[in-house]
Amino acid sequence: MLSLEEEEERGNRIPFEPDDPRYEFTAEEEENALKAYEKRYQKERTWEDLTEDAEGNLRSSSLEKDRASRRRFLANEKRKKIAKEASQSRVAKGMIRYCYVILDLSDAIHVEDMRPNRSAVLLPLMIKFVREFFNQNPLSQLGLIACKDGKAERITELSGSPETHVKAIKKAFASDGVGGSFSLQNGLEQAMEGLRDVPPFGAREIIAIISSLSTCDPGNINDSVRKVKKMKARTNVICVAAETRVFKKLSEESKGKFSVSLDQSHLTRLIMECAPPPALLLETAKPALVEMGFPRREPRKFCVGAGDEDDRDVLTIGPRNGEYRCPRCEARAEELPSQCGTCQLSLVSSPHLARSYHHLFPVMPFVEVKVDGDSKNEEEEEKKRKKNSGEDDDDDDGQFLRECFGCCVVVDASTGMLSKCLKCEKEFCFACDVYIHDRLHNCVGCLTTALDKE
């Protein structure tokens, strides 16, 4: 009898015949050959995973375990991110940033690799980034540059008004003239022209979000890269499509960060990572005294009336025509933070300084409240015993249920979603933990303890 390989070489049989006993597989080989979605349904007695909740709905215990493990994984990833940010608390950061964002509005933004297309994905992302940028950097200023048809245009100048940039972004993406080719050199020239007159104590930055795989430049792009490097303007490049050598070289020469998005969620994470202030470069990390003024807010006066007897002053307060007065030269300013147009004094308000303070001294990361494994097993065995014996355990709240100090929600400590502040020993749920570190920037338990002492 010939072997299978010899018969296949002679062409007497097909490479695979299921009825042949020599091709029979063992149970383990068949199980290994199953696809991922087939293995999910190979478990016998799957109806035992179904449980009925208090409302009479059927739930799968295995599915609940998968969701719990996923929530725990996301919580651990978030804790690692918070710990990483806290470890950089002693690193000098650029608290006052002057940043230009270069937007690629060429034909490449109409590609449908992201649903429905890149333009529909980038529009809400840029609006979200602008608001987060000013939330993280209240003393900084932002400008927008649109590149299309081989040209570059500054659609907004450096300013601290997020609503102005949001309106410009919506108008730029809704314009019928979006398309053409992308020119990186023209975008860099416009950014360098806007950053040329910024104060020396400010950190110069350029963020380029590029969808094209090429650039159509009027001259040598290497000359512009050298100018950016000489100006010490850090350039972060985010490629939506793929890695391009010239874009990567630009970020490397300017000591910026180069990244390529994998999908829509990854693109969101890359863009939002540019919002917090980065560490200062060695050549720019020099201490300097910055003069700042706290302007007075005054109502605007208008004289109305036809005659001398009817003339009267009407006080109105609004954002138009300027309502802040410079403390040095008494000039009007429309918004804060900004620079006085007459004496070039930096105008800020006290809340802006207070919101910038958390980058220097962030809240230390909370630690996970861990449960002893023996105690957890004993509680599970006790629950099984009561369930088998038919005892009523409605009054048993469990020894691992804790109340969150922030929102007063009862949390099971055995799930790993409970955190504790090492300073005040207060326990918080995962939602309050994230809110304290990302938005509030102050521990509620520590503040309450300090007030009680006073």
# chains A, B, ... in the order shown; residues from 1 in each chain; ligands from 1
>>> select_by_dssp(residues="range 184-317 of chain A", states="strand (DSSP E or B)", output="VMD selection string")
chain A and resid 203 to 210 234 to 239 258 to 260 279 292 to 293 296 to 297 300 to 304 312 to 316
>>> write_last_selection(atoms="C-alpha atoms", output="mmCIF file, in the first residue's frame")
data_model
loop_
_atom_site.group_PDB
_atom_site.id
_atom_site.type_symbol
_atom_site.label_atom_id
_atom_site.label_comp_id
_atom_site.auth_asym_id
_atom_site.auth_seq_id
_atom_site.Cartn_x
_atom_site.Cartn_y
_atom_site.Cartn_z
ATOM 1 C CA ALA A 203 7.198 77.507 23.948
ATOM 2 C CA ARG A 204 6.882 77.436 20.145
ATOM 3 C CA GLU A 205 5.031 74.401 18.797
ATOM 4 C CA ILE A 206 3.607 73.167 15.505
ATOM 5 C CA ILE A 207 1.127 70.294 15.243
ATOM 6 C CA ALA A 208 0.636 68.891 11.736
ATOM 7 C CA ILE A 209 -2.289 66.508 11.089
ATOM 8 C CA ILE A 210 -1.601 65.137 7.613
ATOM 9 C CA ARG A 234 8.878 71.639 18.186
ATOM 10 C CA THR A 235 6.817 69.942 15.481
ATOM 11 C CA ASN A 236 4.543 66.987 16.203
ATOM 12 C CA VAL A 237 3.331 65.149 13.103
ATOM 13 C CA ILE A 238 0.305 62.841 13.065
ATOM 14 C CA CYS A 239 -0.122 60.909 9.816
ATOM 15 C CA PHE A 258 5.908 61.380 14.961
ATOM 16 C CA SER A 259 3.002 58.940 14.976
ATOM 17 C CA VAL A 260 0.748 57.112 12.537
ATOM 18 C CA ALA A 279 8.373 68.778 28.713
ATOM 19 C CA MET A 292 1.501 89.801 33.721
ATOM 20 C CA GLY A 293 -1.347 92.158 34.310
ATOM 21 C CA ARG A 296 -10.287 95.278 35.327
ATOM 22 C CA ARG A 297 -13.626 94.335 33.899
ATOM 23 C CA ARG A 300 -19.283 99.710 28.298
ATOM 24 C CA LYS A 301 -21.090 103.058 28.341
ATOM 25 C CA PHE A 302 -23.303 104.327 25.549
ATOM 26 C CA CYS A 303 -24.972 107.730 25.447
ATOM 27 C CA VAL A 304 -28.546 107.634 24.157
ATOM 28 C CA ARG A 312 -28.338 109.305 29.851
ATOM 29 C CA ASP A 313 -25.597 106.699 30.144
ATOM 30 C CA VAL A 314 -26.551 103.083 29.572
ATOM 31 C CA LEU A 315 -24.267 100.440 31.074
ATOM 32 C CA THR A 316 -24.016 97.193 29.131
#
>>> select_by_dssp(residues="range 55-291 of chain A", states="helix (DSSP H, G or I)", output="NGL selection string")
:A and (61-87 or 107-110 or 118-136 or 162-174 or 184-195 or 221-231 or 245-253 or 264-272)
>>> atom_distance(atom1="CA of His266 in chain A", atom2="CA of Glu77 in chain A")
14.8 Å
>>> residues_around(residues="Val198 in chain A", least_positions_apart="3", cutoff="12 Å", atoms="only C-alpha atoms", output="ChimeraX atom specification")
/A:96-100,140-142,157-159,191-195,201-205,231,233,338-339,344,346
>>> write_last_selection(atoms="N, CA and C atoms", output="compact mmCIF listing (two decimals), in the first residue's frame")
# COMPACT_ATOMS: atom_id res chain seq x y z
N ILE A 96 3.23 78.16 29.10
CA ILE A 96 2.73 79.16 28.14
C ILE A 96 3.16 78.70 26.75
N ARG A 97 2.23 78.21 25.98
CA ARG A 97 2.51 77.63 24.66
C ARG A 97 1.92 78.50 23.57
N TYR A 98 2.68 78.64 22.50
CA TYR A 98 2.20 79.31 21.29
C TYR A 98 2.25 78.26 20.18
N CYS A 99 1.09 77.78 19.82
CA CYS A 99 1.01 76.59 18.97
C CYS A 99 0.17 76.88 17.73
N TYR A 100 0.67 76.41 16.57
CA TYR A 100 -0.08 76.45 15.32
C TYR A 100 -0.41 75.01 14.90
N SER A 140 -2.15 79.60 27.30
CA SER A 140 -1.54 79.43 25.98
C SER A 140 -2.43 80.02 24.90
N GLN A 141 -1.86 80.09 23.69
CA GLN A 141 -2.57 80.60 22.53
C GLN A 141 -2.43 79.62 21.38
N LEU A 142 -3.46 79.57 20.56
CA LEU A 142 -3.54 78.59 19.48
C LEU A 142 -3.88 79.30 18.17
N GLU A 157 -5.52 83.54 13.79
CA GLU A 157 -4.24 83.94 14.36
C GLU A 157 -4.14 83.42 15.79
N LEU A 158 -2.97 83.59 16.38
CA LEU A 158 -2.76 83.14 17.75
C LEU A 158 -3.68 83.91 18.69
N SER A 159 -4.52 83.16 19.42
CA SER A 159 -5.45 83.78 20.36
C SER A 159 -5.84 82.74 21.40
N ALA A 191 3.39 79.06 9.54
CA ALA A 191 3.53 78.88 10.99
C ALA A 191 4.73 79.64 11.53
N MET A 192 5.86 79.59 10.83
CA MET A 192 7.04 80.32 11.30
C MET A 192 6.84 81.82 11.27
N GLU A 193 6.09 82.30 10.30
CA GLU A 193 5.82 83.74 10.25
C GLU A 193 4.97 84.18 11.43
N GLY A 194 4.01 83.31 11.84
CA GLY A 194 3.19 83.66 12.99
C GLY A 194 3.91 83.51 14.32
N LEU A 195 4.90 82.60 14.39
CA LEU A 195 5.64 82.38 15.63
C LEU A 195 6.87 83.27 15.76
N PHE A 201 9.77 83.76 26.31
CA PHE A 201 9.48 82.82 27.38
C PHE A 201 8.44 81.78 26.96
N GLY A 202 7.79 81.95 25.82
CA GLY A 202 6.78 81.01 25.37
C GLY A 202 7.38 79.85 24.59
N ALA A 203 6.76 78.69 24.68
CA ALA A 203 7.20 77.51 23.95
C ALA A 203 6.56 77.50 22.57
N ARG A 204 7.38 77.45 21.52
CA ARG A 204 6.88 77.44 20.15
C ARG A 204 6.60 75.99 19.73
N GLU A 205 5.42 75.76 19.20
CA GLU A 205 5.03 74.40 18.80
C GLU A 205 4.25 74.45 17.50
N MET A 231 14.55 77.90 14.67
CA MET A 231 13.60 78.66 15.48
C MET A 231 13.26 77.95 16.78
N ALA A 233 11.20 75.44 17.17
CA ALA A 233 9.76 75.18 17.20
C ALA A 233 9.54 73.67 17.11
N SER A 338 -4.68 87.33 26.73
CA SER A 338 -4.27 87.98 25.49
C SER A 338 -3.11 88.91 25.82
N GLN A 339 -2.66 89.60 24.80
CA GLN A 339 -1.60 90.60 24.95
C GLN A 339 -2.17 91.97 24.65
N GLN A 344 1.97 95.64 25.02
CA GLN A 344 2.39 94.23 24.89
C GLN A 344 2.47 93.51 26.23
N SER A 346 1.15 90.92 29.00
CA SER A 346 0.32 89.71 29.03
C SER A 346 -0.82 89.90 30.01
>>> atom_distance(atom1="CA of Ala242 in chain A", atom2="CA of Gln185 in chain A")
19.1 Å
>>> closest_residue(among="A:Leu422, A:Gln264, A:Gly256, A:Lys230", to="Asn117 in chain A", atoms="only C-alpha atoms")
A:Gln264
